[in-house]
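The file work32.txt comes next; it holds compact mmCIF, C-alpha atoms.
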```txt
# COMPACT_ATOMS: atom_id res chain seq x y z
CA MET A 15 -15.68 -113.64 86.77
CA LEU A 16 -19.39 -113.80 86.07
CA PRO A 17 -21.08 -110.63 84.77
CA ARG A 18 -22.68 -108.70 87.61
CA VAL A 19 -26.32 -107.61 87.41
CA TYR A 20 -28.00 -105.21 89.83
CA LEU A 21 -31.37 -106.45 91.14
CA ALA A 22 -33.60 -103.38 91.47
CA GLY A 23 -37.10 -103.40 92.87
CA PRO A 24 -39.31 -102.80 95.90
CA ASP A 25 -38.52 -106.38 96.96
CA VAL A 26 -36.25 -104.77 99.57
CA PHE A 27 -39.42 -103.75 101.46
CA LEU A 28 -40.75 -107.33 101.75
CA PRO A 29 -40.87 -108.88 105.22
CA GLU A 30 -38.68 -111.68 103.82
CA ALA A 31 -36.43 -109.32 101.84
CA ALA A 32 -33.19 -111.16 102.66
CA ALA A 33 -34.59 -114.55 101.65
CA ARG A 34 -36.02 -113.05 98.46
CA ALA A 35 -32.63 -111.56 97.58
CA GLU A 36 -30.95 -114.95 98.10
CA ALA A 37 -33.53 -116.66 95.87
CA LEU A 38 -32.96 -114.11 93.10
CA LYS A 39 -29.18 -114.42 93.40
CA LEU A 40 -29.39 -118.21 93.16
CA ILE A 41 -31.35 -117.94 89.91
CA CYS A 42 -28.76 -115.48 88.57
CA CYS A 43 -25.98 -117.90 89.49
CA ARG A 44 -27.69 -120.78 87.68
CA HIS A 45 -27.66 -118.64 84.56
CA GLY A 46 -24.04 -117.60 84.82
CA LEU A 47 -24.60 -114.17 86.37
CA THR A 48 -23.73 -112.64 89.73
CA GLY A 49 -26.85 -110.99 91.12
CA VAL A 50 -26.15 -107.95 93.27
CA SER A 51 -28.85 -107.06 95.79
CA PRO A 52 -29.32 -103.50 97.09
CA LEU A 53 -29.23 -105.09 100.55
CA GLU A 54 -25.68 -106.34 100.40
CA ALA A 55 -22.59 -104.62 101.68
CA LEU A 56 -20.15 -103.11 99.27
CA ALA A 57 -16.77 -104.84 99.16
CA GLY A 58 -14.32 -102.48 100.82
CA GLU A 59 -17.10 -100.08 101.77
CA PRO A 60 -15.57 -97.26 103.75
CA ASP A 61 -16.91 -96.71 107.21
CA ALA A 62 -18.87 -93.47 107.02
CA PRO A 63 -20.32 -92.90 110.47
CA ALA A 64 -21.06 -89.27 109.66
CA LEU A 65 -23.54 -90.29 106.96
CA SER A 66 -27.17 -91.00 107.72
CA GLU A 67 -28.40 -94.55 107.08
CA ALA A 68 -30.34 -93.30 104.05
CA ALA A 69 -27.25 -91.62 102.57
CA ARG A 70 -25.19 -94.77 103.13
CA ILE A 71 -27.79 -96.94 101.37
CA HIS A 72 -27.96 -94.47 98.49
CA ARG A 73 -24.19 -94.31 98.00
CA ARG A 74 -23.85 -98.07 98.29
CA ASN A 75 -26.56 -98.65 95.68
CA GLU A 76 -25.01 -96.20 93.23
CA ALA A 77 -21.62 -97.90 93.73
CA HIS A 78 -23.25 -101.31 93.21
CA MET A 79 -24.81 -100.07 89.96
CA ARG A 80 -21.53 -98.65 88.65
CA GLY A 81 -19.99 -102.08 89.24
CA CYS A 82 -22.73 -103.96 87.36
CA ALA A 83 -22.95 -104.75 83.65
CA ALA A 84 -26.74 -104.62 83.58
CA LEU A 85 -29.85 -104.00 85.66
CA ILE A 86 -32.85 -106.25 86.22
CA ALA A 87 -35.83 -104.31 87.57
CA ASN A 88 -38.98 -105.52 89.28
CA LEU A 89 -41.59 -103.22 87.69
CA THR A 90 -44.60 -104.72 89.48
CA PRO A 91 -46.78 -101.69 90.34
CA PHE A 92 -46.06 -100.45 93.84
CA ARG A 93 -48.61 -98.36 95.81
CA GLY A 94 -50.14 -96.81 92.71
CA PRO A 95 -50.30 -97.51 88.99
CA SER A 96 -46.54 -97.29 88.38
CA ALA A 97 -43.32 -98.97 89.41
CA ASP A 98 -41.51 -97.98 92.61
CA VAL A 99 -39.78 -94.59 92.14
CA GLY A 100 -36.50 -95.85 93.60
CA THR A 101 -36.47 -98.49 90.88
CA ALA A 102 -37.32 -95.90 88.21
CA TYR A 103 -34.42 -93.79 89.47
CA GLU A 104 -32.08 -96.76 89.12
CA ILE A 105 -33.27 -97.53 85.59
CA GLY A 106 -32.46 -93.95 84.58
CA PHE A 107 -29.09 -94.17 86.28
CA MET A 108 -28.05 -97.34 84.43
CA ARG A 109 -29.48 -96.08 81.17
CA ALA A 110 -27.31 -92.95 81.36
CA LEU A 111 -24.29 -95.24 81.90
CA GLY A 112 -25.25 -97.01 78.66
CA ARG A 113 -25.91 -100.38 80.26
CA PRO A 114 -28.78 -102.70 79.34
CA VAL A 115 -31.91 -102.71 81.50
CA PHE A 116 -34.25 -105.69 81.80
CA GLY A 117 -37.67 -105.50 83.45
CA TYR A 118 -40.27 -107.93 84.74
CA ALA A 119 -43.66 -107.57 86.41
CA THR A 120 -46.32 -109.88 87.75
CA THR A 121 -49.19 -108.20 85.94
CA ALA A 122 -49.77 -107.97 82.21
CA ARG A 123 -52.24 -105.09 82.51
CA ARG A 124 -51.14 -101.99 80.60
CA PHE A 125 -50.33 -98.63 82.22
CA ALA A 126 -53.40 -96.74 80.96
CA ALA A 127 -55.82 -99.45 82.14
CA ARG A 128 -54.08 -99.63 85.52
CA THR A 129 -54.24 -95.86 85.93
CA VAL A 130 -57.93 -95.67 85.02
CA ALA A 131 -58.65 -98.49 87.50
CA PHE A 132 -56.56 -96.76 90.18
CA LEU A 133 -58.43 -93.45 89.72
CA GLY A 134 -61.88 -95.05 89.65
CA ALA A 135 -64.67 -92.53 89.22
CA ALA A 136 -62.13 -89.72 89.05
CA ALA A 137 -61.03 -90.86 85.57
CA VAL A 138 -63.06 -89.21 82.82
CA LEU A 139 -62.98 -89.18 79.04
CA ASP A 140 -62.49 -85.69 77.60
CA ALA A 141 -64.06 -84.34 74.41
CA ALA A 142 -61.11 -85.67 72.42
CA GLY A 143 -61.65 -89.18 73.79
CA LYS A 144 -58.60 -89.07 76.06
CA TRP A 145 -58.68 -90.17 79.71
CA ARG A 146 -57.95 -87.48 82.28
CA ASP A 147 -57.89 -87.44 86.08
CA ALA A 148 -59.89 -85.18 88.44
CA GLU A 149 -57.28 -82.43 88.02
CA GLY A 150 -57.56 -82.63 84.23
CA MET A 151 -54.16 -84.29 83.92
CA LEU A 152 -53.77 -86.62 80.99
CA ILE A 153 -53.52 -90.38 81.48
CA GLU A 154 -50.62 -91.43 79.29
CA ASP A 155 -51.75 -94.06 76.81
CA PHE A 156 -49.18 -95.33 74.35
CA GLY A 157 -50.20 -98.96 74.90
CA LEU A 158 -47.08 -99.43 77.00
CA PHE A 159 -46.50 -101.20 80.30
CA ASP A 160 -45.60 -98.09 82.34
CA ASN A 161 -44.54 -94.47 81.77
CA LEU A 162 -42.91 -94.26 78.35
CA MET A 163 -39.54 -93.30 79.80
CA LEU A 164 -39.30 -96.72 81.47
CA ASP A 165 -40.55 -98.85 78.57
CA CYS A 166 -38.52 -97.00 75.95
CA ALA A 167 -35.36 -96.98 78.09
CA ILE A 168 -35.54 -100.76 78.34
CA ALA A 169 -36.05 -101.11 74.59
CA ASP A 170 -33.35 -98.59 73.65
CA SER A 171 -30.85 -100.08 76.08
CA GLY A 172 -30.96 -103.46 74.34
CA GLY A 173 -32.86 -105.00 77.26
CA SER A 174 -36.30 -106.57 77.33
CA LEU A 175 -39.49 -106.65 79.35
CA VAL A 176 -41.29 -109.76 80.65
CA VAL A 177 -44.78 -109.26 82.06
CA ALA A 178 -47.57 -111.73 82.83
CA ASP A 179 -50.41 -112.12 85.29
CA ALA A 180 -49.28 -113.87 88.44
CA ASP A 181 -51.77 -112.34 90.87
CA GLU A 182 -51.49 -115.12 93.42
CA ALA A 183 -47.79 -114.43 93.90
CA ARG A 184 -47.40 -110.75 93.12
CA TRP A 185 -44.16 -110.35 95.08
CA THR A 186 -42.96 -113.94 95.33
CA ASP A 187 -43.12 -115.18 91.74
CA LEU A 188 -39.74 -116.37 90.46
CA ALA A 189 -40.65 -117.65 87.00
CA LEU A 190 -40.91 -114.22 85.35
CA PHE A 191 -37.73 -113.11 87.05
CA GLU A 192 -35.98 -116.19 85.67
CA GLN A 193 -37.20 -115.41 82.13
CA CYS A 194 -35.72 -111.97 82.57
CA VAL A 195 -32.42 -113.38 83.85
CA ARG A 196 -32.28 -115.73 80.89
CA ALA A 197 -32.61 -112.76 78.53
CA ALA A 198 -29.94 -110.83 80.42
CA ALA A 199 -27.58 -113.81 80.39
CA ARG A 200 -27.99 -114.21 76.64
CA SER A 201 -27.36 -110.50 76.15
CA LEU A 202 -24.25 -110.55 78.33
CA GLY A 203 -22.94 -113.74 76.70
CA SER A 204 -22.99 -115.80 79.86
CA GLN A 205 -22.64 -119.56 80.03
CA THR A 206 -25.34 -121.15 82.15
CA ASN A 207 -24.31 -123.19 85.17
CA VAL A 208 -26.98 -125.82 84.68
CA ASP A 209 -27.29 -128.60 82.12
CA SER A 210 -30.93 -128.02 81.51
CA ILE A 211 -33.04 -125.02 82.44
CA PRO A 212 -36.82 -125.38 82.50
CA THR A 213 -38.40 -123.29 79.75
CA MET B 25 -25.01 -68.74 76.20
CA LEU B 26 -27.11 -69.23 79.33
CA PRO B 27 -26.74 -72.54 81.19
CA ARG B 28 -29.48 -74.96 80.14
CA VAL B 29 -31.64 -76.69 82.75
CA TYR B 30 -34.04 -79.55 82.02
CA LEU B 31 -37.52 -79.05 83.52
CA ALA B 32 -38.72 -82.49 84.62
CA GLY B 33 -42.13 -83.23 86.07
CA PRO B 34 -45.64 -84.48 85.41
CA ASP B 35 -46.51 -80.90 84.38
CA VAL B 36 -46.48 -82.27 80.82
CA PHE B 37 -49.79 -84.00 81.60
CA LEU B 38 -51.58 -80.77 82.61
CA PRO B 39 -54.38 -79.53 80.35
CA GLU B 40 -52.43 -76.28 80.03
CA ALA B 41 -49.04 -78.01 79.68
CA ALA B 42 -47.71 -75.68 76.98
CA ALA B 43 -48.60 -72.52 78.93
CA ARG B 44 -47.09 -74.01 82.08
CA ALA B 45 -43.86 -74.78 80.22
CA GLU B 46 -43.69 -71.19 78.95
CA ALA B 47 -44.22 -69.82 82.47
CA LEU B 48 -41.42 -72.00 83.85
CA LYS B 49 -39.08 -71.02 81.01
CA LEU B 50 -39.76 -67.34 81.62
CA ILE B 51 -38.79 -67.71 85.28
CA CYS B 52 -35.62 -69.52 84.24
CA CYS B 53 -34.79 -66.71 81.83
CA ARG B 54 -35.25 -64.08 84.52
CA HIS B 55 -32.65 -65.92 86.57
CA GLY B 56 -30.14 -66.27 83.77
CA LEU B 57 -30.96 -69.85 82.79
CA THR B 58 -32.43 -71.45 79.68
CA GLY B 59 -35.25 -73.76 80.74
CA VAL B 60 -35.69 -76.78 78.47
CA SER B 61 -39.14 -78.34 78.51
CA PRO B 62 -39.71 -82.01 77.64
CA LEU B 63 -42.37 -80.71 75.26
CA GLU B 64 -40.04 -78.82 72.97
CA ALA B 65 -38.51 -80.04 69.75
CA LEU B 66 -34.86 -80.88 69.62
CA ALA B 67 -32.79 -78.53 67.48
CA GLY B 68 -31.84 -80.49 64.36
CA GLU B 69 -33.97 -83.43 65.48
CA PRO B 70 -33.77 -86.06 62.75
CA ASP B 71 -37.03 -87.13 61.23
CA ALA B 72 -37.60 -90.65 62.48
CA PRO B 73 -40.90 -91.76 60.98
CA ALA B 74 -40.16 -95.39 61.83
CA LEU B 75 -40.18 -94.65 65.54
CA SER B 76 -43.36 -94.67 67.61
CA GLU B 77 -44.43 -91.39 69.19
CA ALA B 78 -43.40 -92.73 72.61
CA ALA B 79 -39.92 -93.70 71.38
CA ARG B 80 -39.48 -90.28 69.78
CA ILE B 81 -40.45 -88.49 73.02
CA HIS B 82 -38.09 -90.72 75.00
CA ARG B 83 -35.11 -90.15 72.68
CA ARG B 84 -35.79 -86.43 72.55
CA ASN B 85 -35.94 -86.15 76.34
CA GLU B 86 -32.69 -88.07 76.80
CA ALA B 87 -31.02 -85.82 74.21
CA HIS B 88 -32.41 -82.74 75.98
CA MET B 89 -30.99 -83.99 79.28
CA ARG B 90 -27.56 -84.68 77.81
CA GLY B 91 -27.55 -81.08 76.59
CA CYS B 92 -28.46 -79.59 79.98
CA ALA B 93 -26.16 -78.58 82.84
CA ALA B 94 -28.70 -79.39 85.55
CA LEU B 95 -32.19 -80.75 86.17
CA ILE B 96 -35.07 -79.14 88.05
CA ALA B 97 -37.72 -81.70 89.01
CA ASN B 98 -41.31 -81.24 90.11
CA LEU B 99 -41.58 -83.86 92.86
CA THR B 100 -45.18 -83.09 93.82
CA PRO B 101 -46.72 -86.53 94.51
CA PHE B 102 -48.45 -87.88 91.42
CA ARG B 103 -51.19 -90.54 91.63
CA GLY B 104 -49.79 -92.11 94.77
CA PRO B 105 -47.43 -91.16 97.60
CA SER B 106 -44.37 -90.64 95.38
CA ALA B 107 -43.19 -88.47 92.52
CA ASP B 108 -43.98 -89.34 88.91
CA VAL B 109 -41.84 -92.32 87.77
CA GLY B 110 -40.82 -90.59 84.54
CA THR B 111 -39.40 -87.78 86.67
CA ALA B 112 -37.64 -90.28 88.96
CA TYR B 113 -36.12 -91.89 85.87
CA GLU B 114 -34.81 -88.52 84.72
CA ILE B 115 -33.31 -87.72 88.12
CA GLY B 116 -31.38 -91.00 87.99
CA PHE B 117 -30.29 -90.28 84.44
CA MET B 118 -28.86 -86.85 85.27
CA ARG B 119 -27.33 -88.10 88.50
CA ALA B 120 -25.38 -90.77 86.60
CA LEU B 121 -24.11 -88.01 84.28
CA GLY B 122 -22.82 -86.20 87.39
CA ARG B 123 -25.03 -83.14 86.97
CA PRO B 124 -26.80 -81.33 89.81
CA VAL B 125 -30.46 -82.08 90.46
CA PHE B 126 -32.85 -79.62 92.13
CA GLY B 127 -36.31 -80.56 93.33
CA TYR B 128 -39.48 -78.78 94.42
CA ALA B 129 -42.92 -79.88 95.57
CA THR B 130 -46.12 -78.21 96.66
CA THR B 131 -46.52 -80.26 99.81
CA ALA B 132 -44.28 -80.32 102.87
CA ARG B 133 -45.66 -83.62 104.16
CA ARG B 134 -43.01 -86.31 104.49
CA PHE B 135 -42.95 -89.57 102.53
CA ALA B 136 -43.83 -91.89 105.43
CA ALA B 137 -46.84 -89.79 106.47
CA ARG B 138 -48.02 -89.54 102.87
CA THR B 139 -47.71 -93.29 102.40
CA VAL B 140 -49.60 -94.09 105.61
CA ALA B 141 -52.35 -91.66 104.56
CA PHE B 142 -52.47 -93.18 101.06
CA LEU B 143 -52.82 -96.72 102.44
CA GLY B 144 -55.44 -95.79 105.01
CA ALA B 145 -56.61 -98.75 107.09
CA ALA B 146 -54.19 -101.02 105.21
CA ALA B 147 -51.23 -99.43 107.01
CA VAL B 148 -50.39 -101.21 110.25
CA LEU B 149 -47.69 -100.92 112.87
CA ASP B 150 -45.69 -104.14 113.28
CA ALA B 151 -44.28 -105.49 116.56
CA ALA B 152 -41.09 -103.49 116.02
CA GLY B 153 -43.08 -100.26 115.67
CA LYS B 154 -42.57 -99.98 111.92
CA TRP B 155 -45.37 -99.22 109.49
CA ARG B 156 -46.17 -101.91 106.92
CA ASP B 157 -48.78 -102.23 104.17
CA ALA B 158 -51.38 -104.99 103.73
CA GLU B 159 -48.78 -107.16 101.99
CA GLY B 160 -46.37 -106.73 104.91
CA MET B 161 -44.10 -104.46 102.87
CA LEU B 162 -42.21 -101.87 104.87
CA ILE B 163 -43.10 -98.19 104.64
CA GLU B 164 -39.75 -96.45 104.25
CA ASP B 165 -39.29 -93.89 107.00
CA PHE B 166 -36.03 -91.98 107.06
CA GLY B 167 -37.79 -88.66 107.66
CA LEU B 168 -37.19 -87.77 104.01
CA PHE B 169 -39.43 -86.19 101.40
CA ASP B 170 -39.65 -89.21 99.08
CA ASN B 171 -37.85 -92.52 98.47
CA LEU B 172 -34.29 -92.15 99.76
CA MET B 173 -32.79 -92.59 96.29
CA LEU B 174 -34.44 -89.32 95.19
CA ASP B 175 -33.67 -87.25 98.30
CA CYS B 176 -30.08 -88.47 98.58
CA ALA B 177 -29.40 -88.07 94.87
CA ILE B 178 -30.41 -84.42 95.11
CA ALA B 179 -28.19 -83.88 98.16
CA ASP B 180 -25.21 -85.79 96.75
CA SER B 181 -25.46 -84.04 93.39
CA GLY B 182 -24.97 -80.63 94.96
CA GLY B 183 -28.57 -79.68 94.33
CA SER B 184 -31.31 -78.79 96.80
CA LEU B 185 -34.93 -79.48 97.62
CA VAL B 186 -37.66 -76.86 98.18
CA VAL B 187 -40.97 -78.10 99.59
CA ALA B 188 -43.88 -76.26 101.18
CA ASP B 189 -47.64 -76.61 101.45
CA ALA B 190 -49.39 -74.95 98.54
CA ASP B 191 -52.49 -77.08 98.43
CA GLU B 192 -54.63 -74.54 96.65
CA ALA B 193 -52.33 -74.54 93.66
CA ARG B 194 -50.80 -77.99 93.66
CA TRP B 195 -49.86 -77.94 89.97
CA THR B 196 -49.85 -74.22 89.22
CA ASP B 197 -47.69 -72.75 91.98
CA LEU B 198 -44.69 -70.86 90.63
CA ALA B 199 -43.13 -69.50 93.84
CA LEU B 200 -41.54 -72.79 94.93
CA PHE B 201 -40.30 -73.39 91.42
CA GLU B 202 -38.72 -69.93 91.42
CA GLN B 203 -36.94 -70.67 94.70
CA CYS B 204 -35.57 -73.81 93.10
CA VAL B 205 -34.47 -71.90 89.98
CA ARG B 206 -32.74 -69.35 92.18
CA ALA B 207 -30.74 -72.14 93.86
CA ALA B 208 -29.86 -73.67 90.49
CA ALA B 209 -28.79 -70.30 89.09
CA ARG B 210 -26.51 -69.71 92.08
CA SER B 211 -25.04 -73.18 91.69
CA LEU B 212 -24.45 -72.71 87.97
CA GLY B 213 -23.02 -69.23 88.47
CA SER B 214 -25.64 -67.43 86.41
CA GLN B 215 -26.22 -63.71 86.36
CA THR B 216 -29.86 -62.83 86.89
CA ASN B 217 -31.64 -60.87 84.20
CA VAL B 218 -33.68 -58.80 86.63
CA ASP B 219 -32.66 -55.96 88.86
CA SER B 220 -34.68 -57.15 91.77
CA ILE B 221 -36.19 -60.55 92.32
CA PRO B 222 -38.95 -60.94 94.89
CA THR B 223 -37.81 -63.07 97.80
```
Please render this file's structure as structure tokens.
Amino acid sequence: MLPRVYLAGPDVFLPEAAARAEALKLICCRHGLTGVSPLEALAGEPDAPALSEAARIHRRNEAHMRGCAALIANLTPFRGPSADVGTAYEIGFMRALGRPVFGYATTARRFAARTVAFLGAAAVLDAAGKWRDAEGMLIEDFGLFDNLMLDCAIADSGGSLVVADADEARWTDLALFEQCVRAAARSLGSQTNVDSIPT
Amino acid sequence: MLPRVYLAGPDVFLPEAAARAEALKLICCRHGLTGVSPLEALAGEPDAPALSEAARIHRRNEAHMRGCAALIANLTPFRGPSADVGTAYEIGFMRALGRPVFGYATTARRFAARTVAFLGAAAVLDAAGKWRDAEGMLIEDFGLFDNLMLDCAIADSGGSLVVADADEARWTDLALFEQCVRAAARSLGSQTNVDSIPT
């Protein structure tokens, strides 16, 4: 059985979410991994009519994660300077289970620069030379890609982060995802299913 | 020994972060809990000069969480419609460890309404009557407070969520936090340290 990897990200909100999930799963398969989308049903999922749709999605996603050997997260900033909070939640969840987390994003811009740009005129330098927002709250600047908990979790978990500018295809790019899958497959010791994979 | 609770939230970015942490810890103490701030040193923390500051903070916070019986999260929206991603990460982490998560926020406005307001003219209703952003991405609307993974994690963990409008004191309000602490103390079976606690 191929190692299973959970595909986290706000991709589930795309108009073509199902097609996107299939494209990601195909790439996983080519690299010897089984991609598990948050959209798919759980094998043997009990019928729970008493649960709300939100509660069913939540339980299914946690069950999917428990059944996966690793997580691949789309960290492309979502409606603000940071990654989607559902994705951040899932990274923390898998990290606590001790499983490797891999991340990719279609911008190379660092967290501090993104936050300053997001805040615009509200971002100000304080007397100590640190950026703060209009409420005086510090803009985290460790030269990382996002909040330190995300970057450091990926590093500590044995995973890796792939980021590059792909502004024309912010939510549809597959090349960075494939780089990330390649790293996950190596880490999980998978055999690829293709003779030659474009580098 | 009093049960330990980890105090997650973007409060660490406040100009008066240390004073805020002390105020929160005092409230915890009054309710028979030991509040653990992300800002505080780890007892017996090994000197790790080779690590970056970010990596040291990350490892310390994960160790703090592993040593806590529950998590109390400030979910007040932070630079966008959702909670801080570092906080979302920590909720996922504690949830995977099977520990209860409690949340509070100083706005009662729901996630969908906040997101539509954040997007402004970019939010549009599609033919099916669902809100989408300028990229066509769905605006999640389950009538919840934030992304369903956060709300449902809190509910499934045995925790609870306390939200109310406190716009004048978005980051300094203590009353909602105290309500949250009271719920955590009940859940953890703590004896309060005060004769009478204001309701």
- Query: Distance atom CA of Ala178 of chain A-atom CA of Ser76 of chain B, one decimal place?
  - Reply: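 Computing it gives 23.2 Å between the two atoms.
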Kindly determine which residues of chain B lie within 6 Å of chain A, considering all atoms listed in the file, and give the answer as a tab-separated table (two decimals) with C-alpha atoms, in the frame of the given file.
```
chain	number	residue	atom	x	y	z
B	37	PHE	CA	-49.79	-84.00	81.60
B	38	LEU	CA	-51.58	-80.77	82.61
B	39	PRO	CA	-54.38	-79.53	80.35
B	78	ALA	CA	-43.40	-92.73	72.61
B	79	ALA	CA	-39.92	-93.70	71.38
B	82	HIS	CA	-38.09	-90.72	75.00
B	104	GLY	CA	-49.79	-92.11	94.77
B	109	VAL	CA	-41.84	-92.32	87.77
B	110	GLY	CA	-40.82	-90.59	84.54
B	112	ALA	CA	-37.64	-90.28	88.96
B	113	TYR	CA	-36.12	-91.89	85.87
B	114	GLU	CA	-34.81	-88.52	84.72
B	116	GLY	CA	-31.38	-91.00	87.99
B	117	PHE	CA	-30.29	-90.28	84.44
B	120	ALA	CA	-25.38	-90.77	86.60
B	160	GLY	CA	-46.37	-106.73	104.91
B	161	MET	CA	-44.10	-104.46	102.87
B	162	LEU	CA	-42.21	-101.87	104.87
B	172	LEU	CA	-34.29	-92.15	99.76
B	173	MET	CA	-32.79	-92.59	96.29
B	176	CYS	CA	-30.08	-88.47	98.58
```
- Task: Using only C-alpha atoms, determine which residues lie at most 7 Å from segment 188-204 of chain A, disregarding the query and same-chain residues fewer than 6 positions distant; provide the list as a PyMOL selection string.
- Result: chain A and resi 41-42+45-47+116-118+176
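Coordinates place atom CA of Arg123 of chain B at a distance of 27.7 Å from atom CA of Ser174 of chain A.
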- Item | atom CA of Leu53 of chain A to atom CA of Thr90 of chain A, straight-line distance in Å | 18.9 Å
- Kindly indicate which residue among B:Leu185, B:Leu95, B:Ala190, B:Ile178 lies nearest to Arg28 of chain B, using all atoms listed in the file for the distances.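 Result for the nearest residue to Arg28 of chain B: B:Leu95.
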- Task: Name the closest residue to Thr121 of chain A among the candidates A:Ala183, A:Ala136, A:Ala57, A:Val50; distances are taken between atoms, counting only C-alpha atoms.
- Result: A:Ala183
As an mmCIF file, in the frame of the given file, could you write out segment 105-111 of chain A once it has been completed with all heavy atoms?
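Below is the file that was written, selection_16.cif:
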```
data_model
loop_
_atom_site.group_PDB
_atom_site.id
_atom_site.type_symbol
_atom_site.label_atom_id
_atom_site.label_comp_id
_atom_site.auth_asym_id
_atom_site.auth_seq_id
_atom_site.Cartn_x
_atom_site.Cartn_y
_atom_site.Cartn_z
ATOM 1 N N ILE A 105 -33.235 -97.261 87.033
ATOM 2 C CA ILE A 105 -33.270 -97.530 85.590
ATOM 3 C C ILE A 105 -32.662 -96.351 84.836
ATOM 4 O O ILE A 105 -31.855 -96.525 83.923
ATOM 5 C CB ILE A 105 -34.727 -97.804 85.131
ATOM 6 C CG1 ILE A 105 -35.231 -99.106 85.767
ATOM 7 C CG2 ILE A 105 -34.815 -97.873 83.614
ATOM 8 C CD1 ILE A 105 -36.716 -99.367 85.536
ATOM 9 N N GLY A 106 -33.034 -95.137 85.226
ATOM 10 C CA GLY A 106 -32.460 -93.950 84.580
ATOM 11 C C GLY A 106 -30.958 -93.868 84.766
ATOM 12 O O GLY A 106 -30.216 -93.516 83.837
ATOM 13 N N PHE A 107 -30.519 -94.217 85.959
ATOM 14 C CA PHE A 107 -29.090 -94.170 86.280
ATOM 15 C C PHE A 107 -28.307 -95.123 85.365
ATOM 16 O O PHE A 107 -27.326 -94.724 84.735
ATOM 17 C CB PHE A 107 -28.914 -94.580 87.755
ATOM 18 C CG PHE A 107 -27.558 -94.321 88.332
ATOM 19 C CD1 PHE A 107 -27.285 -93.120 88.993
ATOM 20 C CD2 PHE A 107 -26.546 -95.261 88.241
ATOM 21 C CE1 PHE A 107 -26.036 -92.878 89.555
ATOM 22 C CE2 PHE A 107 -25.285 -95.025 88.790
ATOM 23 C CZ PHE A 107 -25.030 -93.830 89.442
ATOM 24 N N MET A 108 -28.767 -96.362 85.262
ATOM 25 C CA MET A 108 -28.050 -97.340 84.430
ATOM 26 C C MET A 108 -28.168 -97.011 82.947
ATOM 27 O O MET A 108 -27.241 -97.258 82.170
ATOM 28 C CB MET A 108 -28.564 -98.749 84.725
ATOM 29 C CG MET A 108 -28.075 -99.284 86.059
ATOM 30 S SD MET A 108 -26.252 -99.528 86.096
ATOM 31 C CE MET A 108 -26.146 -101.285 85.733
ATOM 32 N N ARG A 109 -29.292 -96.464 82.563
ATOM 33 C CA ARG A 109 -29.480 -96.080 81.170
ATOM 34 C C ARG A 109 -28.472 -94.995 80.769
ATOM 35 O O ARG A 109 -27.881 -95.048 79.694
ATOM 36 C CB ARG A 109 -30.915 -95.595 80.971
ATOM 37 C CG ARG A 109 -31.215 -94.978 79.640
ATOM 38 C CD ARG A 109 -31.193 -95.987 78.511
ATOM 39 N NE ARG A 109 -31.374 -95.284 77.238
ATOM 40 C CZ ARG A 109 -30.704 -95.564 76.130
ATOM 41 N NH1 ARG A 109 -29.833 -96.550 76.087
ATOM 42 N NH2 ARG A 109 -30.918 -94.872 75.031
ATOM 43 N N ALA A 110 -28.263 -94.023 81.662
ATOM 44 C CA ALA A 110 -27.310 -92.950 81.360
ATOM 45 C C ALA A 110 -25.885 -93.503 81.266
ATOM 46 O O ALA A 110 -25.048 -92.946 80.556
ATOM 47 C CB ALA A 110 -27.377 -91.855 82.416
ATOM 48 N N LEU A 111 -25.617 -94.608 81.978
ATOM 49 C CA LEU A 111 -24.290 -95.240 81.900
ATOM 50 C C LEU A 111 -24.176 -96.141 80.658
ATOM 51 O O LEU A 111 -23.128 -96.731 80.424
ATOM 52 C CB LEU A 111 -24.017 -96.082 83.161
ATOM 53 C CG LEU A 111 -23.966 -95.331 84.502
ATOM 54 C CD1 LEU A 111 -23.632 -96.303 85.637
ATOM 55 C CD2 LEU A 111 -22.947 -94.197 84.463
#
```
